[in-house]
>>> print(open('my_file-v9.cif').read())   # mmCIF, C-alpha atoms and all ligand atoms
data_my_file
#
loop_
_atom_site.label_atom_id
_atom_site.label_comp_id
_atom_site.auth_asym_id
_atom_site.auth_seq_id
_atom_site.Cartn_x
_atom_site.Cartn_y
_atom_site.Cartn_z
CA MET A 1 -7.62 7.27 -17.00
CA TYR A 2 -9.38 10.27 -15.46
CA PRO A 3 -9.91 9.33 -11.80
CA GLY A 4 -11.76 11.14 -9.05
CA SER A 5 -14.51 11.14 -6.50
CA PHE A 6 -16.93 13.02 -8.76
CA ASP A 7 -19.30 13.63 -5.84
CA PRO A 8 -20.84 15.07 -7.99
CA ILE A 9 -19.35 15.80 -11.42
CA THR A 10 -19.00 19.56 -12.04
CA ASN A 11 -18.55 21.74 -15.10
CA GLY A 12 -14.86 21.86 -14.14
CA HIS A 13 -14.58 18.07 -14.47
CA LEU A 14 -16.45 18.23 -17.79
CA ASP A 15 -14.03 20.88 -19.03
CA ILE A 16 -11.12 18.53 -18.30
CA ILE A 17 -12.89 15.62 -20.03
CA ARG A 18 -13.50 17.82 -23.12
CA ARG A 19 -9.82 18.77 -23.18
CA GLY A 20 -8.86 15.13 -22.72
CA CYS A 21 -10.91 14.24 -25.77
CA THR A 22 -8.61 16.36 -27.94
CA LEU A 23 -5.62 14.32 -26.74
CA PHE A 24 -6.71 10.73 -26.18
CA ASP A 25 -8.48 8.03 -28.22
CA HIS A 26 -10.08 6.49 -25.17
CA ILE A 27 -10.81 7.85 -21.71
CA THR A 28 -11.86 5.77 -18.73
CA ILE A 29 -13.47 7.92 -16.07
CA GLY A 30 -12.64 6.13 -12.82
CA VAL A 31 -15.05 6.85 -9.99
CA LEU A 32 -13.55 6.15 -6.57
CA ASN A 33 -15.77 3.91 -4.48
CA ASN A 34 -15.29 5.73 -1.20
CA GLU A 35 -18.49 4.81 0.66
CA GLN A 36 -16.59 4.80 3.96
CA LYS A 37 -16.03 8.56 3.49
CA SER A 38 -19.82 9.11 3.41
CA PRO A 39 -20.12 10.68 -0.04
CA LEU A 40 -23.37 12.49 -0.82
CA PHE A 41 -24.04 10.33 -3.87
CA THR A 42 -23.61 6.56 -4.19
CA VAL A 43 -21.20 5.27 -6.79
CA ALA A 44 -24.15 4.20 -8.95
CA GLU A 45 -25.65 7.70 -8.76
CA ARG A 46 -22.32 9.33 -9.58
CA ILE A 47 -21.77 7.02 -12.56
CA GLU A 48 -25.28 7.65 -13.84
CA MET A 49 -24.80 11.44 -13.71
CA ILE A 50 -21.42 11.20 -15.45
CA GLN A 51 -22.83 8.97 -18.18
CA ALA A 52 -25.68 11.41 -18.75
CA VAL A 53 -23.43 14.45 -19.07
CA VAL A 54 -20.73 12.85 -21.22
CA ALA A 55 -23.22 11.27 -23.64
CA PRO A 56 -23.52 14.44 -25.80
CA LEU A 57 -19.71 14.55 -26.06
CA ALA A 58 -19.73 11.20 -27.85
CA GLU A 59 -21.46 12.93 -30.77
CA THR A 60 -18.76 15.58 -31.14
CA THR A 61 -15.60 13.55 -30.60
CA ARG A 62 -14.03 10.35 -31.83
CA THR A 63 -12.75 9.61 -28.33
CA THR A 64 -14.56 6.77 -26.64
CA ILE A 65 -15.50 7.43 -23.04
CA GLU A 66 -16.09 4.69 -20.51
CA VAL A 67 -17.23 5.18 -16.92
CA ASP A 68 -16.28 2.64 -14.28
CA SER A 69 -15.77 2.55 -10.52
CA PHE A 70 -12.79 1.34 -8.56
CA GLU A 71 -11.67 0.47 -5.07
CA GLY A 72 -8.10 0.16 -3.88
CA LEU A 73 -5.11 1.71 -5.56
CA LEU A 74 -5.63 3.87 -8.61
CA VAL A 75 -2.50 2.50 -10.31
CA ASP A 76 -3.81 -1.08 -9.96
CA PHE A 77 -7.10 -0.06 -11.55
CA ALA A 78 -5.27 1.86 -14.28
CA LYS A 79 -3.11 -1.19 -14.99
CA ARG A 80 -6.18 -3.45 -15.18
CA LYS A 81 -7.72 -1.01 -17.63
CA ARG A 82 -4.46 -0.90 -19.63
CA ALA A 83 -4.30 2.86 -19.21
CA ASN A 84 -0.94 4.43 -19.97
CA CYS A 85 -1.80 7.82 -18.61
CA ILE A 86 -3.55 9.32 -15.59
CA VAL A 87 -5.18 12.70 -16.19
CA ARG A 88 -5.73 15.15 -13.37
CA GLY A 89 -7.09 18.67 -13.58
CA LEU A 90 -5.22 21.57 -12.01
CA ARG A 91 -7.25 24.59 -10.98
CA ALA A 92 -4.79 26.66 -9.01
CA VAL A 93 -1.36 26.52 -7.43
CA SER A 94 -3.02 25.24 -4.26
CA ASP A 95 -3.87 21.96 -6.06
CA TYR A 96 -0.29 21.45 -7.11
CA GLU A 97 1.38 20.18 -3.95
CA TYR A 98 -1.16 17.40 -3.34
CA GLU A 99 -1.28 16.47 -7.01
CA LEU A 100 2.52 16.37 -7.30
CA GLN A 101 2.75 14.11 -4.26
CA MET A 102 0.12 11.72 -5.67
CA ALA A 103 1.70 11.73 -9.14
CA GLN A 104 5.14 10.95 -7.75
CA MET A 105 3.82 8.22 -5.47
CA ASN A 106 1.87 6.71 -8.37
CA ARG A 107 4.98 6.88 -10.57
CA HIS A 108 6.99 5.19 -7.85
CA MET A 109 4.46 2.33 -7.70
CA GLN A 110 3.84 2.13 -11.45
CA PRO A 111 6.65 3.77 -13.46
CA ASP A 112 5.09 2.98 -16.84
CA ILE A 113 1.98 5.09 -16.19
CA GLU A 114 2.47 8.80 -16.73
CA THR A 115 0.42 11.50 -14.97
CA VAL A 116 -0.65 14.40 -17.17
CA PHE A 117 -2.07 17.61 -15.73
CA LEU A 118 -4.59 19.60 -17.68
CA MET A 119 -5.40 23.17 -16.71
CA SER A 120 -9.09 23.87 -16.31
CA ALA A 121 -10.56 26.96 -17.94
CA ASP A 122 -10.21 29.92 -15.58
CA THR A 123 -14.02 30.11 -15.46
CA TYR A 124 -13.91 26.90 -13.41
CA SER A 125 -10.76 27.53 -11.41
CA PHE A 126 -12.79 28.03 -8.22
CA VAL A 127 -15.35 25.26 -8.74
CA SER A 128 -15.19 22.17 -6.54
CA SER A 129 -17.67 19.41 -5.73
CA ARG A 130 -17.33 20.24 -2.03
CA LEU A 131 -18.29 23.92 -2.47
CA VAL A 132 -21.08 23.08 -4.90
CA LYS A 133 -22.66 20.74 -2.31
CA GLU A 134 -22.32 23.34 0.44
CA ILE A 135 -23.82 26.14 -1.65
CA CYS A 136 -26.75 23.98 -2.77
CA PHE A 137 -27.34 22.74 0.79
CA LEU A 138 -27.44 26.36 1.98
CA GLY A 139 -30.08 27.28 -0.59
CA ARG A 140 -28.35 29.03 -3.50
CA SER A 141 -28.44 27.94 -7.11
CA VAL A 142 -25.40 26.06 -8.36
CA GLN A 143 -26.58 26.32 -11.97
CA PRO A 144 -23.35 28.04 -13.21
CA PHE A 145 -21.16 25.28 -11.82
CA VAL A 146 -22.81 21.96 -12.67
CA PRO A 147 -24.83 20.48 -15.55
CA PRO A 148 -28.64 20.79 -15.12
CA ILE A 149 -29.12 17.08 -14.30
CA VAL A 150 -26.59 17.38 -11.47
CA GLU A 151 -28.27 20.47 -10.05
CA ALA A 152 -31.62 18.63 -10.11
CA ARG A 153 -30.09 15.63 -8.29
CA LEU A 154 -28.49 17.91 -5.71
CA GLN A 155 -31.77 19.66 -5.05
CA ALA A 156 -33.53 16.31 -4.73
CA LYS A 157 -30.88 15.12 -2.24
CA PHE A 158 -31.40 18.21 -0.15
CA GLY A 159 -35.17 17.88 -0.38
CA ARG A 160 -35.76 20.98 -2.46
CA GLN A 161 -37.98 21.77 -5.40
CA PRO A 162 -36.04 22.56 -8.58
CA GLN A 163 -35.42 26.32 -8.84
CA SER A 164 -36.53 28.20 -11.92
O1 LIG B 201 -11.54 13.80 -6.96
P1 LIG B 201 -10.52 13.50 -5.92
O2 LIG B 201 -11.18 13.12 -4.62
O3 LIG B 201 -9.49 14.61 -5.76
O4 LIG B 201 -9.71 12.20 -6.45
C1 LIG B 201 -8.70 11.62 -5.67
C2 LIG B 201 -8.30 10.25 -6.21
C3 LIG B 201 -9.50 9.35 -6.40
C4 LIG B 201 -7.59 10.42 -7.54
C5 LIG B 201 -7.31 9.64 -5.16
O5 LIG B 201 -7.85 9.72 -3.89
C6 LIG B 201 -6.98 8.18 -5.47
O6 LIG B 201 -6.29 7.88 -6.41
N1 LIG B 201 -7.51 7.27 -4.63
C7 LIG B 201 -7.34 5.83 -4.78
C8 LIG B 201 -6.41 5.26 -3.72
C9 LIG B 201 -4.95 5.45 -4.11
O7 LIG B 201 -4.50 5.05 -5.17
N2 LIG B 201 -4.19 6.08 -3.20
C10 LIG B 201 -2.78 6.37 -3.38
C11 LIG B 201 -2.60 7.68 -4.13
S1 LIG B 201 -0.92 8.09 -4.32
#
>>> encode(input="my_file-v9.cif", output="structure tokens")
Amino acid sequence: MYPGSFDPITNGHLDIIRRGCTLFDHITIGVLNNEQKSPLFTVAERIEMIQAVVAPLAETTRTTIEVDSFEGLLVDFAKRKRANCIVRGLRAVSDYEYELQMAQMNRHMQPDIETVFLMSADTYSFVSSRLVKEICFLGRSVQPFVPPIVEARLQAKFGRQPQS
């Protein structure tokens, strides 16, 4: 289970999914339905972008990748999906405290599901969905940080013509 907001998916997320494919037979990408937090993209839009960018991976790996959304507790969703492992990406030490707290809380609620942390490539250690949205909104290209389809969707959201 690789859960997150994915608002939107970035190259950093994709890097973690690629790494996950070397370790797991099946990965469910769990998109948090957090409409009350006013995400930029709807769950349907986020799922569509994820499906588009993971599709080429299916040709290079034997891992099957499923994309689904969830509400409520992650561990309940993971249990329903029969996941035995939650994958989270770690970019920097600053991620660690929050991630450790979540992992321990999740373990407390569901001891049979293990959390595994994968380190993103250092190229992506500073990439986040929040910064990508801000940079695109303020008019700079986010091409190095997100797949082309995501950049196009961001530009459309912010009412801009695609940049060359
Ligand atoms: O991409 P994000 O926003 O860092 O992902 C956070 C996510 C979705 C993994 C986390 O917010 C989550 O698991 N939310 C579901 C609600 C839940 O289970 N809360 C208790 C966590 S200990």
>>> residues_near_ligand(input="my_file-v9.cif", ligand="ligand LIG 201 (chain B)", cutoff="9 Å", atoms="only C-alpha atoms and all ligand atoms", output="ChimeraX atom specification")
/A:2-7,30-34,70-77,88,99,101-107,109,129
>>> atom_distance(input="my_file-v9.cif", atom1="atom CA of A:Ile17", atom2="atom CA of A:Val142")
20.0 Å
>>> residues_near_point(input="my_file-v9.cif", point="(-26.4, 7.8, -19.1)", cutoff="12 Å", atoms="all atoms listed in the file", output="JSON, numbers by chain")
{"A": [44, 45, 46, 47, 48, 49, 50, 51, 52, 53, 54, 55, 56, 57, 58, 65, 66, 67, 149]}
>>> write_last_selection(input="my_file-v9.cif", atoms="C-alpha atoms", output="PDB file, in the coordinates of the input")
ATOM      1  CA  ALA A  44     -24.150   4.200  -8.950  1.00  0.00           C
ATOM      2  CA  GLU A  45     -25.650   7.700  -8.760  1.00  0.00           C
ATOM      3  CA  ARG A  46     -22.320   9.330  -9.580  1.00  0.00           C
ATOM      4  CA  ILE A  47     -21.770   7.020 -12.560  1.00  0.00           C
ATOM      5  CA  GLU A  48     -25.280   7.650 -13.840  1.00  0.00           C
ATOM      6  CA  MET A  49     -24.800  11.440 -13.710  1.00  0.00           C
ATOM      7  CA  ILE A  50     -21.420  11.200 -15.450  1.00  0.00           C
ATOM      8  CA  GLN A  51     -22.830   8.970 -18.180  1.00  0.00           C
ATOM      9  CA  ALA A  52     -25.680  11.410 -18.750  1.00  0.00           C
ATOM     10  CA  VAL A  53     -23.430  14.450 -19.070  1.00  0.00           C
ATOM     11  CA  VAL A  54     -20.730  12.850 -21.220  1.00  0.00           C
ATOM     12  CA  ALA A  55     -23.220  11.270 -23.640  1.00  0.00           C
ATOM     13  CA  PRO A  56     -23.520  14.440 -25.800  1.00  0.00           C
ATOM     14  CA  LEU A  57     -19.710  14.550 -26.060  1.00  0.00           C
ATOM     15  CA  ALA A  58     -19.730  11.200 -27.850  1.00  0.00           C
ATOM     16  CA  ILE A  65     -15.500   7.430 -23.040  1.00  0.00           C
ATOM     17  CA  GLU A  66     -16.090   4.690 -20.510  1.00  0.00           C
ATOM     18  CA  VAL A  67     -17.230   5.180 -16.920  1.00  0.00           C
ATOM     19  CA  ILE A 149     -29.120  17.080 -14.300  1.00  0.00           C
TER      20      ILE A 149
END
>>> closest_residue(input="my_file-v9.cif", among="A:Phe145, A:Phe158, A:Phe137, A:Phe41", to="A:His13", atoms="all atoms listed in the file")
A:Phe145
>>> atom_distance(input="my_file-v9.cif", atom1="atom CA of A:Lys133", atom2="atom CA of A:Arg160")
13.1 Å
>>> axis_aligned_box(input="my_file-v9.cif", around="stretch 81-91 of chain A", padding_each_side="8 Å", output="AutoDock Vina command-line options")
--center_x -4.3 --center_y 11.8 --center_z -15.5 --size_x 22.8 --size_y 41.6 --size_z 25.0
>>> closest_residue(input="my_file-v9.cif", among="A:Lys79, A:Leu138, A:Ser69, A:Phe126", to="A:Glu35", atoms="only C-alpha atoms")
A:Ser69
>>> atom_distance(input="my_file-v9.cif", atom1="atom CA of A:Ser125", atom2="atom CA of A:Gly12")
7.5 Å
>>> closest_residue(input="my_file-v9.cif", among="A:Arg130, A:Thr115, A:Cys85, A:Met1", to="A:Pro39", atoms="all atoms listed in the file")
A:Arg130
>>> closest_residue(input="my_file-v9.cif", among="A:Arg62, A:Arg140, A:Arg80, A:Arg19", to="A:Val116", atoms="all atoms listed in the file")
A:Arg19
>>> closest_residue(input="my_file-v9.cif", among="A:Gln36, A:Thr22, A:Asn84, A:Ser141", to="A:Thr64", atoms="all atoms listed in the file")
A:Thr22
>>> build_atoms(input="my_file-v9.cif", residues="stretch 36-61 of chain A", atoms="N, CA, C and O atoms", output="compact mmCIF listing (two decimals), keeping the file's coordinate frame")
# COMPACT_ATOMS: atom_id res chain seq x y z
N GLN A 36 -16.96 4.61 2.55
CA GLN A 36 -16.59 4.80 3.96
C GLN A 36 -16.38 6.27 4.30
O GLN A 36 -16.37 6.66 5.46
N LYS A 37 -16.20 7.12 3.25
CA LYS A 37 -16.03 8.56 3.49
C LYS A 37 -17.36 9.30 3.44
O LYS A 37 -17.39 10.53 3.36
N SER A 38 -18.46 8.54 3.46
CA SER A 38 -19.82 9.11 3.41
C SER A 38 -20.01 10.13 2.30
O SER A 38 -20.31 11.30 2.57
N PRO A 39 -19.84 9.73 1.05
CA PRO A 39 -20.12 10.68 -0.04
C PRO A 39 -21.61 11.00 -0.08
O PRO A 39 -22.43 10.24 0.44
N LEU A 40 -21.95 12.12 -0.71
CA LEU A 40 -23.37 12.49 -0.82
C LEU A 40 -24.08 11.53 -1.77
O LEU A 40 -25.20 11.11 -1.50
N PHE A 41 -23.43 11.20 -2.87
CA PHE A 41 -24.04 10.33 -3.87
C PHE A 41 -23.38 8.94 -3.85
O PHE A 41 -22.17 8.83 -3.65
N THR A 42 -24.17 7.91 -4.08
CA THR A 42 -23.61 6.56 -4.19
C THR A 42 -22.79 6.48 -5.48
O THR A 42 -22.95 7.33 -6.38
N VAL A 43 -21.99 5.45 -5.56
CA VAL A 43 -21.20 5.27 -6.79
C VAL A 43 -22.14 5.14 -8.00
O VAL A 43 -21.89 5.74 -9.05
N ALA A 44 -23.21 4.39 -7.83
CA ALA A 44 -24.15 4.20 -8.95
C ALA A 44 -24.74 5.54 -9.39
O ALA A 44 -24.87 5.81 -10.59
N GLU A 45 -25.09 6.39 -8.42
CA GLU A 45 -25.65 7.70 -8.76
C GLU A 45 -24.60 8.57 -9.47
O GLU A 45 -24.91 9.28 -10.45
N ARG A 46 -23.37 8.52 -8.97
CA ARG A 46 -22.32 9.33 -9.58
C ARG A 46 -22.05 8.88 -11.02
O ARG A 46 -21.91 9.69 -11.93
N ILE A 47 -22.02 7.55 -11.21
CA ILE A 47 -21.77 7.02 -12.56
C ILE A 47 -22.91 7.41 -13.50
O ILE A 47 -22.68 7.84 -14.63
N GLU A 48 -24.12 7.32 -13.00
CA GLU A 48 -25.28 7.65 -13.84
C GLU A 48 -25.23 9.12 -14.29
O GLU A 48 -25.47 9.44 -15.46
N MET A 49 -24.89 10.01 -13.35
CA MET A 49 -24.80 11.44 -13.71
C MET A 49 -23.69 11.68 -14.72
O MET A 49 -23.86 12.44 -15.69
N ILE A 50 -22.54 11.01 -14.51
CA ILE A 50 -21.42 11.20 -15.45
C ILE A 50 -21.81 10.71 -16.83
O ILE A 50 -21.61 11.40 -17.84
N GLN A 51 -22.43 9.52 -16.86
CA GLN A 51 -22.83 8.97 -18.18
C GLN A 51 -23.78 9.92 -18.90
O GLN A 51 -23.66 10.14 -20.10
N ALA A 52 -24.71 10.50 -18.13
CA ALA A 52 -25.68 11.41 -18.75
C ALA A 52 -24.99 12.66 -19.31
O ALA A 52 -25.34 13.11 -20.40
N VAL A 53 -24.01 13.19 -18.60
CA VAL A 53 -23.43 14.45 -19.07
C VAL A 53 -22.34 14.26 -20.12
O VAL A 53 -22.06 15.19 -20.88
N VAL A 54 -21.74 13.06 -20.17
CA VAL A 54 -20.73 12.85 -21.22
C VAL A 54 -21.35 12.32 -22.52
O VAL A 54 -20.70 12.37 -23.57
N ALA A 55 -22.59 11.84 -22.44
CA ALA A 55 -23.22 11.27 -23.64
C ALA A 55 -23.20 12.24 -24.83
O ALA A 55 -22.84 11.83 -25.95
N PRO A 56 -23.54 13.53 -24.64
CA PRO A 56 -23.52 14.44 -25.80
C PRO A 56 -22.11 14.61 -26.39
O PRO A 56 -21.98 14.90 -27.59
N LEU A 57 -21.09 14.41 -25.57
CA LEU A 57 -19.71 14.55 -26.06
C LEU A 57 -19.40 13.50 -27.12
O LEU A 57 -18.64 13.76 -28.06
N ALA A 58 -20.00 12.32 -26.93
CA ALA A 58 -19.73 11.20 -27.85
C ALA A 58 -20.10 11.58 -29.28
O ALA A 58 -19.53 11.04 -30.23
N GLU A 59 -21.03 12.53 -29.42
CA GLU A 59 -21.46 12.93 -30.77
C GLU A 59 -20.50 13.92 -31.41
O GLU A 59 -20.54 14.14 -32.60
N THR A 60 -19.64 14.54 -30.58
CA THR A 60 -18.76 15.58 -31.14
C THR A 60 -17.29 15.18 -31.13
O THR A 60 -16.44 15.97 -31.51
N THR A 61 -17.01 13.97 -30.66
CA THR A 61 -15.60 13.55 -30.60
C THR A 61 -15.48 12.10 -31.04
O THR A 61 -16.44 11.34 -30.96
